[in-house]
file entry-v7.cif (mmCIF, C-alpha atoms and all ligand atoms)
data_structure
#
loop_
_atom_site.label_atom_id
_atom_site.label_comp_id
_atom_site.auth_asym_id
_atom_site.auth_seq_id
_atom_site.Cartn_x
_atom_site.Cartn_y
_atom_site.Cartn_z
CA MET B 1 -25.72 65.42 -136.33
CA SER B 2 -29.10 64.32 -137.66
CA THR B 3 -29.29 64.22 -141.44
CA ALA B 4 -32.21 66.63 -141.42
CA THR B 5 -30.12 69.47 -140.07
CA GLN B 6 -28.44 69.48 -143.48
CA PRO B 7 -29.99 69.39 -146.95
CA PHE B 8 -29.99 65.86 -148.31
CA ALA B 9 -31.36 63.68 -151.09
CA ALA B 10 -33.22 60.48 -150.26
CA ALA B 11 -33.76 57.53 -152.59
CA LEU B 12 -37.25 56.05 -152.79
CA ASP B 13 -37.18 52.38 -153.72
CA THR B 14 -40.64 52.04 -155.19
CA ALA B 15 -40.20 48.28 -155.66
CA THR B 16 -39.56 47.60 -151.96
CA GLY B 17 -41.16 50.65 -150.34
CA ARG B 18 -37.96 51.65 -148.55
CA VAL B 19 -36.59 55.17 -148.11
CA SER B 20 -32.81 55.51 -147.82
CA PRO B 21 -31.15 56.73 -145.78
CA GLN B 22 -33.79 55.18 -143.56
CA GLY B 23 -35.08 56.39 -140.22
CA PRO B 24 -37.75 54.50 -138.24
CA LEU B 25 -39.25 51.38 -139.86
CA GLN B 26 -42.66 50.33 -138.53
CA GLU B 27 -44.47 47.08 -139.20
CA ARG B 28 -48.17 46.77 -138.44
CA ARG B 29 -49.63 43.30 -138.16
CA LEU B 30 -53.32 42.53 -138.04
CA SER B 31 -53.12 42.34 -134.23
CA ASP B 32 -52.13 46.03 -134.21
CA LEU B 33 -55.53 46.86 -135.78
CA GLU B 34 -57.62 45.65 -132.84
CA GLY B 35 -61.05 47.27 -132.71
CA LEU B 36 -60.88 48.66 -136.24
CA TYR B 37 -62.48 45.93 -138.37
CA ALA B 38 -66.27 45.56 -138.37
CA ASP B 39 -66.14 41.76 -138.05
CA ALA B 40 -64.28 41.27 -134.75
CA ALA B 41 -64.62 37.45 -134.89
CA ALA B 42 -63.05 37.28 -138.36
CA TRP B 43 -60.30 39.66 -137.19
CA ARG B 44 -59.58 37.41 -134.18
CA ALA B 45 -59.52 34.24 -136.31
CA ALA B 46 -56.99 35.81 -138.72
CA VAL B 47 -54.82 37.06 -135.84
CA ASP B 48 -54.81 33.56 -134.35
CA ASP B 49 -54.06 32.10 -137.77
CA GLY B 50 -50.63 33.72 -138.26
CA ASP B 51 -51.25 37.40 -137.58
CA PRO B 52 -50.35 38.59 -141.10
CA LEU B 53 -48.38 41.73 -141.91
CA VAL B 54 -50.81 44.44 -143.06
CA TYR B 55 -48.55 47.45 -143.67
CA THR B 56 -45.05 48.84 -143.32
CA VAL B 57 -43.95 52.46 -142.93
CA SER B 58 -40.39 53.32 -143.97
CA ALA B 59 -39.57 56.84 -142.77
CA ALA B 60 -36.75 59.17 -143.75
CA THR B 61 -34.25 60.47 -141.18
CA VAL B 62 -36.27 63.60 -140.43
CA PRO B 63 -37.40 64.19 -136.84
CA GLU B 64 -41.07 64.77 -136.00
CA GLN B 65 -40.44 68.31 -134.75
CA ALA B 66 -41.98 71.69 -135.52
CA GLY B 67 -40.38 73.18 -138.61
CA GLN B 68 -39.26 69.82 -139.98
CA VAL B 69 -41.08 68.04 -142.83
CA PRO B 70 -40.92 64.25 -142.32
CA PHE B 71 -41.72 61.89 -145.18
CA SER B 72 -42.24 58.15 -145.48
CA ILE B 73 -43.39 55.38 -147.78
CA THR B 74 -46.29 53.23 -146.60
CA THR B 75 -46.75 49.80 -148.18
CA ILE B 76 -50.13 48.14 -147.59
CA GLU B 77 -50.33 44.45 -148.46
CA PRO B 78 -53.32 43.11 -150.41
CA GLY B 79 -55.93 41.31 -148.33
CA ASP B 80 -59.12 41.65 -146.34
CA VAL B 81 -60.89 40.68 -143.15
CA ALA B 82 -64.30 39.22 -144.05
CA GLY B 83 -64.33 41.44 -147.16
CA GLU B 84 -63.13 44.64 -145.47
CA LEU B 85 -59.91 45.56 -147.23
CA TYR B 86 -56.47 45.86 -145.59
CA MET B 87 -55.93 49.40 -144.40
CA THR B 88 -53.90 51.61 -142.11
CA LYS B 89 -55.13 52.33 -138.59
CA GLY B 90 -55.96 55.90 -139.52
CA HIS B 91 -55.51 58.97 -137.35
CA TRP B 92 -56.30 62.59 -136.71
CA HIS B 93 -53.48 65.10 -136.54
CA THR B 94 -53.43 66.66 -133.10
CA ALA B 95 -52.40 70.03 -134.57
CA ASP B 96 -54.16 71.90 -137.39
CA GLU B 97 -51.82 70.51 -140.01
CA GLY B 98 -52.47 69.01 -143.43
CA GLU B 99 -50.56 66.39 -145.36
CA VAL B 100 -49.82 65.27 -148.93
CA TYR B 101 -49.94 61.66 -150.17
CA VAL B 102 -48.46 60.67 -153.54
CA GLY B 103 -49.48 57.30 -155.00
CA LEU B 104 -46.42 55.28 -156.06
CA ASN B 105 -47.63 51.88 -157.21
CA GLY B 106 -50.43 49.42 -156.79
CA LYS B 107 -54.10 50.28 -156.38
CA GLY B 108 -55.43 52.10 -153.38
CA GLY B 109 -57.16 55.09 -151.97
CA LEU B 110 -57.48 57.59 -149.19
CA LEU B 111 -60.50 57.71 -146.89
CA LEU B 112 -61.01 61.07 -145.16
CA PHE B 113 -63.44 61.95 -142.37
CA ASP B 114 -64.14 65.33 -140.75
CA GLY B 115 -66.29 63.87 -137.97
CA ASP B 116 -69.41 64.27 -140.07
CA ALA B 117 -68.81 63.55 -143.75
CA HIS B 118 -66.39 61.16 -145.41
CA ARG B 119 -64.54 61.50 -148.73
CA TRP B 120 -62.70 59.00 -150.91
CA ILE B 121 -59.71 59.86 -153.12
CA ASP B 122 -58.26 57.22 -155.44
CA LEU B 123 -54.45 57.27 -155.18
CA SER B 124 -53.83 54.73 -157.94
CA ASP B 125 -51.66 55.65 -160.94
CA GLY B 126 -49.61 58.35 -159.25
CA ALA B 127 -52.44 60.57 -158.03
CA VAL B 128 -51.65 63.15 -155.36
CA GLY B 129 -54.10 63.29 -152.45
CA TYR B 130 -54.38 66.45 -150.38
CA ILE B 131 -55.43 66.07 -146.74
CA PRO B 132 -56.57 69.40 -145.28
CA PRO B 133 -56.18 70.14 -141.55
CA ARG B 134 -58.95 68.59 -139.36
CA TRP B 135 -59.63 65.59 -141.60
CA ALA B 136 -58.86 62.12 -140.21
CA HIS B 137 -57.18 59.91 -142.81
CA ARG B 138 -56.73 56.23 -143.54
CA THR B 139 -55.43 54.45 -146.67
CA VAL B 140 -56.71 51.21 -148.14
CA ASN B 141 -55.28 48.68 -150.60
CA THR B 142 -58.01 48.12 -153.20
CA GLY B 143 -55.95 45.86 -155.49
CA SER B 144 -54.22 42.49 -155.53
CA GLU B 145 -50.60 43.75 -155.31
CA PRO B 146 -48.93 45.84 -152.58
CA PHE B 147 -50.11 49.47 -152.64
CA ARG B 148 -47.45 52.12 -151.93
CA PHE B 149 -47.59 55.85 -151.39
CA LEU B 150 -45.31 58.63 -150.20
CA ALA B 151 -46.55 60.79 -147.30
CA ILE B 152 -45.12 64.27 -146.60
CA TYR B 153 -46.31 66.10 -143.48
CA PRO B 154 -45.40 68.82 -140.99
CA GLY B 155 -43.24 67.60 -138.14
CA ALA B 156 -45.59 69.13 -135.56
CA ALA B 157 -48.70 67.31 -136.92
CA GLY B 158 -48.99 64.78 -134.06
CA HIS B 159 -51.05 61.57 -134.37
CA ASP B 160 -54.26 60.68 -132.50
CA TYR B 161 -55.31 57.05 -133.06
CA GLU B 162 -57.76 56.81 -130.15
CA ARG B 163 -60.23 59.16 -131.80
CA VAL B 164 -60.49 56.86 -134.83
CA LEU B 165 -61.00 53.87 -132.52
CA ARG B 166 -63.82 55.73 -130.76
CA GLY B 167 -65.41 57.61 -133.64
CA GLY B 168 -64.58 55.56 -136.73
CA MET B 169 -63.96 56.97 -140.21
CA GLY B 170 -67.54 57.41 -141.43
CA ALA B 171 -67.18 54.62 -144.01
CA ARG B 172 -65.70 51.18 -144.57
CA VAL B 173 -64.07 49.94 -147.77
CA ILE B 174 -65.43 46.54 -148.73
CA ARG B 175 -64.70 44.14 -151.59
CA ASP B 176 -67.68 43.95 -153.87
CA GLY B 177 -69.47 40.74 -154.82
CA ASP B 178 -67.14 39.39 -157.51
CA GLY B 179 -64.04 40.17 -155.41
CA ARG B 180 -62.44 42.45 -158.01
CA GLY B 181 -63.95 45.84 -157.27
CA TYR B 182 -64.73 47.61 -154.02
CA GLU B 183 -67.35 49.77 -152.41
CA VAL B 184 -66.87 52.70 -150.01
CA ARG B 185 -69.82 52.06 -147.69
CA ALA B 186 -71.04 54.79 -145.35
CA VAL B 187 -71.49 53.69 -141.72
CA GLU B 188 -72.87 55.34 -138.60
CA ALA B 189 -70.40 57.52 -136.74
CA GLY B 190 -68.57 55.49 -134.10
CA THR B 191 -68.99 52.18 -135.95
C1 LIG B 201 -48.40 60.62 -141.24
C2 LIG B 201 -49.28 59.79 -142.10
C3 LIG B 201 -48.74 58.53 -142.71
C4 LIG B 201 -49.23 57.36 -141.84
C5 LIG B 201 -48.91 55.95 -142.38
C6 LIG B 201 -49.43 54.85 -141.47
O1 LIG B 201 -49.09 61.72 -140.73
O2 LIG B 201 -50.44 60.10 -142.28
O3 LIG B 201 -47.35 58.50 -142.84
O4 LIG B 201 -48.69 57.51 -140.54
O5 LIG B 201 -49.49 55.81 -143.65
O6 LIG B 201 -50.77 55.06 -141.10
P1 LIG B 201 -51.18 55.17 -139.56
O7 LIG B 201 -50.32 56.24 -138.97
O8 LIG B 201 -52.61 55.54 -139.57
O9 LIG B 201 -50.89 53.85 -138.93
ZN ZN B 202 -51.24 61.87 -141.12
#
call {"tool": "encode", "arguments": {"input": "entry-v7.cif", "output": "structure tokens"}}
result
Amino acid sequence: MSTATQPFAAALDTATGRVSPQGPLQERRLSDLEGLYADAAAWRAAVDDGDPLVYTVSAATVPEQAGQVPFSITTIEPGDVAGELYMTKGHWHTADEGEVYVGLNGKGGLLLFDGDAHRWIDLSDGAVGYIPPRWAHRTVNTGSEPFRFLAIYPGAAGHDYERVLRGGMGARVIRDGDGRGYEVRAVEAGT
């Protein structure tokens, strides 16, 4: 019997970013983010030079099925590709479903895009970010330590990554000049 057919308590290890009992564990390396960074040559050079881990998703034992409410911790490592900060791939939900992100530790934020306008929500210091239906979403580590957040979403949400590859997120998050701050820079749709 799957755990999620019964009530259960999960432990969130905020130091390691692991949920237990643990379901699927995903690791995304830089090579998994092909086509998403503005500087493709810098992306290629970093992939060839060790293909670093960019983020990990530790999911609870809740199936992605209608009626269920999966949750997971994402840990994004600190780093950048030619100044563009480490980030998740980003996706649209295929169903009209929202999501809630809860900042756990580290510095980071949530970039949202409705196909026209973008928004930025800082998730540092335990902020809760609300993602309405029909907003693509991507998270970004804006600090120098791992950035972790808890995501809670409807099991029927579905994930469309191709649309972000094709249409972008409306903005890119770039380290600023002195390397300590960052800028959310608007870009043309599809770039
Ligand atoms: C689920 C959700 C998050 C992300 C995770 C990794 O709907 O939004 O759990 O799946 O932060 O990001 P992606 O899925 O964009 O690789
Ligand atoms: Zn989502």
call {"tool": "closest_residue", "arguments": {"input": "entry-v7.cif", "among": "B:Arg175, B:Lys107, B:Arg44, B:His137", "to": "B:His91", "atoms": "all atoms listed in the file"}}
result
B:His137
call {"tool": "residues_near_ligand", "arguments": {"input": "entry-v7.cif", "ligand": "ligand ZN 202 (chain B)", "cutoff": "8 Å", "atoms": "only C-alpha atoms and all ligand atoms", "output": "ChimeraX atom specification"}}
result
/B:90-93,98-99,136-137,151,153,157-159
call {"tool": "residues_near_ligand", "arguments": {"input": "entry-v7.cif", "ligand": "ligand LIG 201 (chain B)", "cutoff": "10 Å", "atoms": "only C-alpha atoms and all ligand atoms", "output": "PyMOL selection string"}}
result
chain B and resi 26-28+32-33+55-59+64+70-76+87-93+97-101+110+131+136-140+148-161+164
call {"tool": "write_last_selection", "arguments": {"input": "entry-v7.cif", "atoms": "C-alpha atoms", "output": "short mmCIF file (atom, residue, chain, number, x, y, z; two decimals), in the coordinates of the input"}}
result
data_model
loop_
_atom_site.label_atom_id
_atom_site.label_comp_id
_atom_site.auth_asym_id
_atom_site.auth_seq_id
_atom_site.Cartn_x
_atom_site.Cartn_y
_atom_site.Cartn_z
CA GLN B 26 -42.66 50.33 -138.53
CA GLU B 27 -44.47 47.08 -139.20
CA ARG B 28 -48.17 46.77 -138.44
CA ASP B 32 -52.13 46.03 -134.21
CA LEU B 33 -55.53 46.86 -135.78
CA TYR B 55 -48.55 47.45 -143.67
CA THR B 56 -45.05 48.84 -143.32
CA VAL B 57 -43.95 52.46 -142.93
CA SER B 58 -40.39 53.32 -143.97
CA ALA B 59 -39.57 56.84 -142.77
CA GLU B 64 -41.07 64.77 -136.00
CA PRO B 70 -40.92 64.25 -142.32
CA PHE B 71 -41.72 61.89 -145.18
CA SER B 72 -42.24 58.15 -145.48
CA ILE B 73 -43.39 55.38 -147.78
CA THR B 74 -46.29 53.23 -146.60
CA THR B 75 -46.75 49.80 -148.18
CA ILE B 76 -50.13 48.14 -147.59
CA MET B 87 -55.93 49.40 -144.40
CA THR B 88 -53.90 51.61 -142.11
CA LYS B 89 -55.13 52.33 -138.59
CA GLY B 90 -55.96 55.90 -139.52
CA HIS B 91 -55.51 58.97 -137.35
CA TRP B 92 -56.30 62.59 -136.71
CA HIS B 93 -53.48 65.10 -136.54
CA GLU B 97 -51.82 70.51 -140.01
CA GLY B 98 -52.47 69.01 -143.43
CA GLU B 99 -50.56 66.39 -145.36
CA VAL B 100 -49.82 65.27 -148.93
CA TYR B 101 -49.94 61.66 -150.17
CA LEU B 110 -57.48 57.59 -149.19
CA ILE B 131 -55.43 66.07 -146.74
CA ALA B 136 -58.86 62.12 -140.21
CA HIS B 137 -57.18 59.91 -142.81
CA ARG B 138 -56.73 56.23 -143.54
CA THR B 139 -55.43 54.45 -146.67
CA VAL B 140 -56.71 51.21 -148.14
CA ARG B 148 -47.45 52.12 -151.93
CA PHE B 149 -47.59 55.85 -151.39
CA LEU B 150 -45.31 58.63 -150.20
CA ALA B 151 -46.55 60.79 -147.30
CA ILE B 152 -45.12 64.27 -146.60
CA TYR B 153 -46.31 66.10 -143.48
CA PRO B 154 -45.40 68.82 -140.99
CA GLY B 155 -43.24 67.60 -138.14
CA ALA B 156 -45.59 69.13 -135.56
CA ALA B 157 -48.70 67.31 -136.92
CA GLY B 158 -48.99 64.78 -134.06
CA HIS B 159 -51.05 61.57 -134.37
CA ASP B 160 -54.26 60.68 -132.50
CA TYR B 161 -55.31 57.05 -133.06
CA VAL B 164 -60.49 56.86 -134.83
#
call {"tool": "residues_around", "arguments": {"input": "entry-v7.cif", "residues": "B:Arg29", "least_positions_apart": "6", "cutoff": "8 Å", "atoms": "all atoms listed in the file", "output": "number ranges by chain"}}
result
B: 51-55
call {"tool": "write_last_selection", "arguments": {"input": "entry-v7.cif", "atoms": "C-alpha atoms", "output": "PDB file, in the coordinates of the input"}}
result
ATOM      1  CA  ASP B  51     -51.250  37.400-137.580  1.00  0.00           C
ATOM      2  CA  PRO B  52     -50.350  38.590-141.100  1.00  0.00           C
ATOM      3  CA  LEU B  53     -48.380  41.730-141.910  1.00  0.00           C
ATOM      4  CA  VAL B  54     -50.810  44.440-143.060  1.00  0.00           C
ATOM      5  CA  TYR B  55     -48.550  47.450-143.670  1.00  0.00           C
TER       6      TYR B  55
END
call {"tool": "atom_distance", "arguments": {"input": "entry-v7.cif", "atom1": "atom CA of B:Thr61", "atom2": "atom CA of B:Ala15"}}
result
19.8 Å
call {"tool": "residues_near_point", "arguments": {"input": "entry-v7.cif", "point": "(-50.1, 42.1, -154.1)", "cutoff": "8 Å", "atoms": "only C-alpha atoms", "output": "list of chain:residue names"}}
result
B:Glu77, B:Pro78, B:Gly106, B:Gly143, B:Ser144, B:Glu145, B:Pro146, B:Phe147
call {"tool": "closest_atom_pairs", "arguments": {"input": "entry-v7.cif", "of": "stretch 154-178 of chain B", "to": "stretch 116-121 of chain B", "cutoff": "9 Å", "atoms": "all atoms listed in the file", "output": "tab-separated table"}}
result
residue	atom	partner	partner_atom	distance
B:Met169	CA	B:His118	CA	7.1
B:Gly170	CA	B:His118	CA	5.6
B:Ala171	CA	B:His118	CA	6.7
